[in-house]
>>> print(open('entry_13.pdb').read())   # PDB, C-alpha atoms
ATOM      1  CA  ASP A   1      64.816  34.475-108.351
ATOM      2  CA  ASN A   2      64.748  35.314-104.663
ATOM      3  CA  ILE A   3      63.475  38.680-103.490
ATOM      4  CA  GLU A   4      64.396  39.746 -99.979
ATOM      5  CA  PHE A   5      62.673  42.332 -97.858
ATOM      6  CA  HIS A   6      64.517  43.616 -94.806
ATOM      7  CA  MET A   7      62.804  45.522 -92.055
ATOM      8  CA  VAL A   8      64.296  47.202 -89.021
ATOM      9  CA  ALA A   9      62.607  45.839 -85.894
ATOM     10  CA  LEU A  10      62.525  48.124 -82.888
ATOM     11  CA  GLN A  11      61.457  47.309 -79.358
ATOM     12  CA  TYR A  12      58.166  48.936 -78.450
ATOM     13  CA  GLY A  13      58.635  51.841 -76.055
ATOM     14  CA  GLN A  14      55.557  53.319 -74.358
ATOM     15  CA  THR A  15      57.259  56.704 -73.998
ATOM     16  CA  ALA A  16      58.969  56.753 -77.382
ATOM     17  CA  GLU A  17      57.737  59.350 -79.822
ATOM     18  CA  CYS A  18      58.384  59.631 -83.513
ATOM     19  CA  ARG A  19      57.632  62.301 -86.041
ATOM     20  CA  PRO A  20      58.546  61.727 -89.697
ATOM     21  CA  SER A  21      59.410  65.424 -90.020
ATOM     22  CA  GLU A  22      62.456  64.722 -87.856
ATOM     23  CA  ASN A  23      63.840  62.441 -90.634
ATOM     24  CA  ASN A  24      63.652  59.301 -88.565
ATOM     25  CA  ARG A  25      61.994  55.981 -89.232
ATOM     26  CA  CYS A  26      58.541  56.032 -87.794
ATOM     27  CA  ALA A  27      55.376  54.057 -87.168
ATOM     28  CA  HIS A  28      52.191  56.076 -87.277
ATOM     29  CA  GLY A  29      48.471  55.432 -87.543
ATOM     30  CA  LEU A  30      45.678  56.964 -89.560
ATOM     31  CA  CYS A  31      43.103  59.063 -87.729
ATOM     32  CA  GLN A  32      39.953  57.182 -88.755
ATOM     33  CA  GLY A  33      36.265  57.799 -88.048
ATOM     34  CA  ALA A  34      35.450  56.824 -84.468
ATOM     35  CA  THR A  35      32.111  55.108 -85.219
ATOM     36  CA  PHE A  36      31.291  52.020 -87.253
ATOM     37  CA  ALA A  37      29.609  54.160 -89.936
ATOM     38  CA  THR A  38      32.612  56.492 -90.312
ATOM     39  CA  SER A  39      35.498  54.072 -89.615
ATOM     40  CA  ASN A  40      36.357  53.819 -93.324
ATOM     41  CA  ARG A  41      37.076  57.587 -93.518
ATOM     42  CA  ALA A  42      40.376  59.208 -92.634
ATOM     43  CA  ALA A  43      40.650  62.666 -91.111
ATOM     44  CA  LEU A  44      41.925  65.213 -93.635
ATOM     45  CA  ASN A  45      43.982  68.340 -92.985
ATOM     46  CA  LYS A  46      43.399  71.726 -94.663
ATOM     47  CA  ARG A  47      45.429  70.654 -97.719
ATOM     48  CA  GLY A  48      43.381  67.457 -98.145
ATOM     49  CA  GLY A  49      46.112  65.174 -96.817
ATOM     50  CA  GLU A  50      45.509  62.419 -94.293
ATOM     51  CA  VAL A  51      45.990  63.166 -90.597
ATOM     52  CA  TYR A  52      48.238  60.732 -88.699
ATOM     53  CA  CYS A  53      48.528  59.902 -85.014
ATOM     54  CA  TYR A  54      51.649  59.033 -83.064
ATOM     55  CA  GLN A  55      52.516  57.557 -79.720
ATOM     56  CA  PRO A  56      52.575  58.337 -76.844
ATOM     57  CA  ASP A  57      49.481  60.578 -77.020
ATOM     58  CA  TYR A  58      47.555  58.906 -79.907
ATOM     59  CA  SER A  59      45.703  62.205 -80.477
ATOM     60  CA  CYS A  60      43.300  62.764 -83.375
ATOM     61  CA  PRO A  61      40.741  65.465 -84.245
ATOM     62  CA  ALA A  62      37.289  65.239 -82.612
ATOM     63  CA  GLY A  63      35.177  62.428 -84.101
ATOM     64  CA  TYR A  64      38.253  60.409 -85.153
ATOM     65  CA  ALA A  65      40.238  57.673 -83.415
ATOM     66  CA  CYS A  66      43.881  56.632 -83.752
ATOM     67  CA  SER A  67      44.395  53.346 -85.608
ATOM     68  CA  LEU A  68      47.640  52.465 -83.783
ATOM     69  CA  PRO A  69      47.006  49.164 -81.991
ATOM     70  CA  GLY A  70      49.117  49.903 -78.925
ATOM     71  CA  PRO A  71      50.892  47.124 -77.066
ATOM     72  CA  ARG A  72      49.319  43.673 -77.370
ATOM     73  CA  HIS A  73      50.331  40.029 -77.375
ATOM     74  CA  GLY A  74      48.838  36.793 -78.644
ATOM     75  CA  HIS A  75      47.792  38.357 -81.956
ATOM     76  CA  ALA A  76      47.936  36.453 -85.244
ATOM     77  CA  PRO A  77      49.832  38.072 -88.145
ATOM     78  CA  ALA A  78      49.721  37.298 -91.870
ATOM     79  CA  GLY A  79      51.994  38.980 -94.413
ATOM     80  CA  PHE A  80      51.578  39.474 -98.141
ATOM     81  CA  ASP A  81      52.455  41.827-100.991
ATOM     82  CA  LEU A  82      49.534  43.895-102.289
ATOM     83  CA  ASN A  83      49.482  43.473-106.069
ATOM     84  CA  GLY A  84      52.896  41.882-105.709
ATOM     85  CA  GLN A  85      54.481  45.221-104.745
ATOM     86  CA  THR A  86      53.425  46.788-101.442
ATOM     87  CA  PRO A  87      54.419  44.760 -98.354
ATOM     88  CA  ILE A  88      51.573  44.529 -95.859
ATOM     89  CA  THR A  89      51.183  42.772 -92.543
ATOM     90  CA  MET A  90      47.686  42.165 -91.229
ATOM     91  CA  PHE A  91      47.018  40.965 -87.731
ATOM     92  CA  PHE A  92      43.946  39.836 -85.875
ATOM     93  CA  GLY A  93      42.951  39.986 -82.235
ATOM     94  CA  GLY A  94      45.272  39.602 -79.300
ATOM     95  CA  GLU A  95      45.270  40.496 -75.652
ATOM     96  CA  VAL A  96      45.485  44.229 -74.969
ATOM     97  CA  THR A  97      46.135  43.915 -71.231
ATOM     98  CA  GLY A  98      49.541  43.165 -69.748
ATOM     99  CA  VAL A  99      50.713  39.577 -69.430
ATOM    100  CA  HIS A 100      50.481  39.688 -65.635
ATOM    101  CA  GLU A 101      46.965  41.171 -65.408
ATOM    102  CA  ALA A 102      44.377  39.101 -63.518
ATOM    103  CA  GLN A 103      41.610  39.715 -66.096
ATOM    104  CA  ALA A 104      42.407  39.493 -69.821
ATOM    105  CA  VAL A 105      40.921  42.024 -72.246
ATOM    106  CA  LEU A 106      40.840  40.531 -75.744
ATOM    107  CA  SER A 107      40.375  42.110 -79.170
ATOM    108  CA  ASN A 108      38.801  41.057 -82.454
ATOM    109  CA  GLN A 109      40.212  44.035 -84.352
ATOM    110  CA  VAL A 110      41.995  43.609 -87.674
ATOM    111  CA  HIS A 111      44.903  45.984 -88.275
ATOM    112  CA  ALA A 112      46.922  46.398 -91.462
ATOM    113  CA  VAL A 113      50.432  47.829 -91.630
ATOM    114  CA  PHE A 114      51.656  49.319 -94.934
ATOM    115  CA  TYR A 115      55.430  49.715 -95.242
ATOM    116  CA  THR A 116      57.551  52.275 -97.070
ATOM    117  CA  SER A 117      61.296  52.782 -96.761
ATOM    118  CA  ILE A 118      60.908  55.117 -93.757
ATOM    119  CA  THR A 119      57.429  54.575 -92.318
ATOM    120  CA  ALA A 120      54.993  51.931 -91.216
ATOM    121  CA  THR A 121      51.406  53.161 -91.458
ATOM    122  CA  PHE A 122      48.748  51.380 -89.407
ATOM    123  CA  SER A 123      45.071  51.304 -90.303
ATOM    124  CA  LEU A 124      42.171  49.653 -88.521
ATOM    125  CA  LEU A 125      40.083  47.558 -90.891
ATOM    126  CA  ARG A 126      36.379  47.594 -90.229
ATOM    127  CA  THR A 127      35.101  44.194 -89.181
ATOM    128  CA  ALA A 128      31.579  43.706 -90.535
ATOM    129  CA  ASN A 129      29.081  40.865 -90.471
ATOM    130  CA  ALA A 130      28.010  38.907 -93.581
ATOM    131  CA  THR A 131      25.604  41.655 -94.691
ATOM    132  CA  GLY A 132      28.077  44.514 -94.135
ATOM    133  CA  GLY A 133      26.547  45.594 -90.837
ATOM    134  CA  GLU A 134      28.133  46.171 -87.468
ATOM    135  CA  CYS A 135      29.305  43.089 -85.589
ATOM    136  CA  VAL A 136      27.339  41.785 -82.651
ATOM    137  CA  ILE A 137      29.472  39.846 -80.184
ATOM    138  CA  ARG A 138      27.526  37.533 -77.914
ATOM    139  CA  GLU A 139      28.615  35.386 -74.988
ATOM    140  CA  ARG A 140      28.439  32.180 -77.051
ATOM    141  CA  ALA A 141      30.699  32.270 -80.132
ATOM    142  CA  GLU A 142      28.119  30.502 -82.312
ATOM    143  CA  ASP A 143      25.630  33.323 -81.624
ATOM    144  CA  SER A 144      28.037  36.072 -82.741
ATOM    145  CA  SER A 145      27.870  37.621 -86.200
ATOM    146  CA  CYS A 146      31.678  38.131 -86.447
ATOM    147  CA  PRO A 147      34.823  36.560 -84.995
ATOM    148  CA  ILE A 148      34.794  36.813 -81.210
ATOM    149  CA  PRO A 149      37.632  38.625 -79.422
ATOM    150  CA  ARG A 150      40.476  36.169 -78.871
ATOM    151  CA  ARG A 151      44.174  35.646 -78.547
ATOM    152  CA  ASP A 152      46.367  32.993 -80.151
ATOM    153  CA  ALA A 153      44.153  32.660 -83.242
ATOM    154  CA  ALA A 154      45.479  31.283 -86.526
ATOM    155  CA  THR A 155      45.358  33.378 -89.697
ATOM    156  CA  ALA A 156      46.393  32.796 -93.284
ATOM    157  CA  VAL A 157      46.237  34.723 -96.549
ATOM    158  CA  VAL A 158      45.127  32.512 -99.436
ATOM    159  CA  ASN A 159      43.581  32.680-102.886
ATOM    160  CA  ASN A 160      42.258  30.094-105.308
ATOM    161  CA  LYS A 161      45.742  29.666-106.813
ATOM    162  CA  GLY A 162      47.463  28.998-103.484
ATOM    163  CA  GLY A 163      49.393  32.271-103.718
ATOM    164  CA  GLN A 164      49.844  35.063-101.203
ATOM    165  CA  ASN A 165      47.354  37.627-102.549
ATOM    166  CA  GLY A 166      43.855  36.803-101.459
ATOM    167  CA  LYS A 167      41.614  36.679 -98.433
ATOM    168  CA  ILE A 168      42.595  36.665 -94.797
ATOM    169  CA  LEU A 169      41.071  33.729 -92.923
TER
END
>>> encode(input="entry_13.pdb", output="structure tokens")
Amino acid sequence: DNIEFHMVALQYGQTAECRPSENNRCAHGLCQGATFATSNRAALNKRGGEVYCYQPDYSCPAGYACSLPGPRHGHAPAGFDLNGQTPITMFFGGEVTGVHEAQAVLSNQVHAVFYTSITATFSLLRTANATGGECVIRERAEDSSCPIPRRDAATAVVNNKGGQNGKIL
């Protein structure tokens, strides 16, 4: 049996704005804690629901940051189905400056995108060292406690059965 998943791909527009309340397809990000210690917490509204951020302003309540990655290139994606049902794309790193900039600014962030029929929700996954602490990036890669910022990295999602639910490498 073949299962197909179709997704509408739209060109990124810096000035485009989307709000799901306008009944259009939309990409939005979670407002997540702005520090390493709080990055695994989402901002909640008065009803207890998660607060989302949208382009072009990327605004979130004080103490929270928008998880939308913004424009980037040279990132490495890996797709899989969470528990065989929820389609997710994870991507690592990339260059966050324009392609014609003299000095490249690279990222080591890991973003996950969760898809529904009308939305794509971005979240920023906390990158931690082997003991669960905050990453320390040093000039030499072998002295760093986490992956160094880079572009054009290779990623894969594997498990011990060779399937598509497992760990991102």
>>> closest_residue(input="entry_13.pdb", among="A:Val113, A:Ala102, A:Ala27, A:Ala37", to="A:Gly133", atoms="all atoms listed in the file")
A:Ala37
>>> atom_distance(input="entry_13.pdb", atom1="atom CA of A:Ala42", atom2="atom CA of A:Ala153")
28.4 Å
>>> closest_residue(input="entry_13.pdb", among="A:Phe122, A:Tyr64, A:Phe92, A:Tyr115", to="A:Thr38", atoms="only C-alpha atoms")
A:Tyr64
>>> closest_residue(input="entry_13.pdb", among="A:Gly74, A:Pro56, A:Gly132, A:Pro147", to="A:Glu95", atoms="all atoms listed in the file")
A:Gly74
>>> resolve_selection(input="entry_13.pdb", expression="the PyMOL selection byres ((chain A and resi 119) around 7)", output="VMD selection string")
chain A and resid 25 to 27 115 to 118 120 to 121
>>> resolve_selection(input="entry_13.pdb", expression="the PyMOL selection byres ((chain A and resi 69) around 9)", output="list in words")
Gly29, Cys66, Ser67, Leu68, Gly70, Pro71, Arg72, Val96, Gln109, His111, Phe122, Ser123 and Leu124 of chain A
>>> resolve_selection(input="entry_13.pdb", expression="the PyMOL selection byres ((chain A and resi 105) around 9)", output="list in words")
Gly94, Glu95, Val96, Thr97, Gln103, Ala104, Leu106, Ser107, Pro149 and Arg150 of chain A
>>> closest_residue(input="entry_13.pdb", among="A:Ala112, A:Ile137, A:Ala154, A:Ala43", to="A:Leu82", atoms="all atoms listed in the file")
A:Ala112
>>> atom_distance(input="entry_13.pdb", atom1="atom CA of A:Gly63", atom2="atom CA of A:Ser39")
10.0 Å
>>> residues_around(input="entry_13.pdb", residues="A:Glu134", least_positions_apart="6", cutoff="10 Å", atoms="all atoms listed in the file", output="list in words")
Phe36, Ala37, Arg126, Thr127, Ala128, Ser145 and Cys146 of chain A
>>> closest_residue(input="entry_13.pdb", among="A:Gln32, A:Thr155, A:Ser144, A:Asn108", to="A:Val51", atoms="all atoms listed in the file")
A:Gln32
>>> atom_distance(input="entry_13.pdb", atom1="atom CA of A:Asn129", atom2="atom CA of A:Asn40")
15.1 Å
>>> axis_aligned_box(input="entry_13.pdb", around="stretch 58-74 of chain A", padding_each_side="6 Å", output="lines of an AutoDock Vina configuration file")
center_x = 43.0
center_y = 51.1
center_z = -81.3
size_x = 27.7
size_y = 40.7
size_z = 20.5
>>> residues_near_point(input="entry_13.pdb", point="(47.7, 41.6, -91.3)", cutoff="9 Å", atoms="all atoms listed in the file", output="MDAnalysis selection string")
chainID A and resid 76:80 88:92 110:113 155 157 168
>>> write_last_selection(input="entry_13.pdb", atoms="C-alpha atoms", output="mmCIF file, in the frame of the given file")
data_model
loop_
_atom_site.group_PDB
_atom_site.id
_atom_site.type_symbol
_atom_site.label_atom_id
_atom_site.label_comp_id
_atom_site.auth_asym_id
_atom_site.auth_seq_id
_atom_site.Cartn_x
_atom_site.Cartn_y
_atom_site.Cartn_z
ATOM 1 C CA ALA A 76 47.936 36.453 -85.244
ATOM 2 C CA PRO A 77 49.832 38.072 -88.145
ATOM 3 C CA ALA A 78 49.721 37.298 -91.870
ATOM 4 C CA GLY A 79 51.994 38.980 -94.413
ATOM 5 C CA PHE A 80 51.578 39.474 -98.141
ATOM 6 C CA ILE A 88 51.573 44.529 -95.859
ATOM 7 C CA THR A 89 51.183 42.772 -92.543
ATOM 8 C CA MET A 90 47.686 42.165 -91.229
ATOM 9 C CA PHE A 91 47.018 40.965 -87.731
ATOM 10 C CA PHE A 92 43.946 39.836 -85.875
ATOM 11 C CA VAL A 110 41.995 43.609 -87.674
ATOM 12 C CA HIS A 111 44.903 45.984 -88.275
ATOM 13 C CA ALA A 112 46.922 46.398 -91.462
ATOM 14 C CA VAL A 113 50.432 47.829 -91.630
ATOM 15 C CA THR A 155 45.358 33.378 -89.697
ATOM 16 C CA VAL A 157 46.237 34.723 -96.549
ATOM 17 C CA ILE A 168 42.595 36.665 -94.797
#
>>> closest_residue(input="entry_13.pdb", among="A:His100, A:Ala65, A:Thr131, A:Asp81", to="A:Gly33", atoms="only C-alpha atoms")
A:Ala65
>>> decode(input="entry_13.pdb", residues="stretch 72-96 of chain A", atoms="N, CA and C atoms", output="CSV table (one decimal), in the first residue's frame")
chain,number,residue,atom,x,y,z
A,72,ARG,N,16.3,31.3,5.7
A,72,ARG,CA,17.6,30.7,5.8
A,72,ARG,C,17.9,29.8,4.7
A,73,HIS,N,19.1,29.4,4.4
A,73,HIS,CA,19.4,28.5,3.4
A,73,HIS,C,20.6,27.6,3.8
A,74,GLY,N,20.8,26.5,3.2
A,74,GLY,CA,21.8,25.6,3.6
A,74,GLY,C,21.5,24.7,4.8
A,75,HIS,N,20.2,24.7,5.2
A,75,HIS,CA,19.8,23.8,6.3
A,75,HIS,C,19.6,22.4,5.9
A,76,ALA,N,19.6,21.5,6.8
A,76,ALA,CA,19.4,20.1,6.5
A,76,ALA,C,18.1,19.5,7.1
A,77,PRO,N,17.2,19.2,6.2
A,77,PRO,CA,15.9,18.7,6.7
A,77,PRO,C,15.9,17.1,6.8
A,78,ALA,N,15.0,16.6,7.7
A,78,ALA,CA,14.7,15.2,7.8
A,78,ALA,C,13.2,15.1,8.1
A,79,GLY,N,12.5,14.3,7.4
A,79,GLY,CA,11.0,14.1,7.6
A,79,GLY,C,10.7,12.8,8.1
A,80,PHE,N,9.7,12.7,8.9
A,80,PHE,CA,9.2,11.4,9.5
A,80,PHE,C,7.7,11.6,10.0
A,81,ASP,N,7.1,10.5,10.3
A,81,ASP,CA,5.7,10.5,10.8
A,81,ASP,C,5.8,10.1,12.3
A,82,LEU,N,5.4,11.0,13.2
A,82,LEU,CA,5.4,10.8,14.6
A,82,LEU,C,4.4,9.7,14.9
A,83,ASN,N,4.8,8.6,15.5
A,83,ASN,CA,3.9,7.5,15.8
A,83,ASN,C,3.2,7.0,14.6
A,84,GLY,N,3.8,7.2,13.4
A,84,GLY,CA,3.2,6.8,12.2
A,84,GLY,C,2.0,7.6,11.7
A,85,GLN,N,1.7,8.7,12.4
A,85,GLN,CA,0.5,9.5,12.0
A,85,GLN,C,0.8,11.0,11.7
A,86,THR,N,1.5,11.7,12.6
A,86,THR,CA,1.7,13.1,12.4
A,86,THR,C,2.9,13.4,11.6
A,87,PRO,N,2.8,14.0,10.4
A,87,PRO,CA,3.9,14.4,9.6
A,87,PRO,C,4.7,15.5,10.2
A,88,ILE,N,6.0,15.3,10.3
A,88,ILE,CA,6.9,16.3,11.0
A,88,ILE,C,8.1,16.4,10.1
A,89,THR,N,8.6,17.6,9.9
A,89,THR,CA,9.9,17.9,9.3
A,89,THR,C,10.8,18.6,10.3
A,90,MET,N,12.0,18.0,10.5
A,90,MET,CA,12.9,18.7,11.4
A,90,MET,C,14.1,19.2,10.6
A,91,PHE,N,14.6,20.3,10.9
A,91,PHE,CA,15.8,20.8,10.2
A,91,PHE,C,16.8,21.4,11.1
A,92,PHE,N,18.0,21.2,10.7
A,92,PHE,CA,19.2,21.6,11.5
A,92,PHE,C,20.0,22.7,10.8
A,93,GLY,N,20.4,23.7,11.6
A,93,GLY,CA,21.4,24.7,11.1
A,93,GLY,C,21.0,25.5,9.9
A,94,GLY,N,21.9,25.9,9.2
A,94,GLY,CA,21.7,26.8,8.0
A,94,GLY,C,22.3,28.1,8.2
A,95,GLU,N,22.4,28.9,7.1
A,95,GLU,CA,22.9,30.2,7.1
A,95,GLU,C,21.7,31.2,7.2
A,96,VAL,N,21.7,32.1,8.2
A,96,VAL,CA,20.6,33.0,8.4
A,96,VAL,C,20.8,34.4,7.7
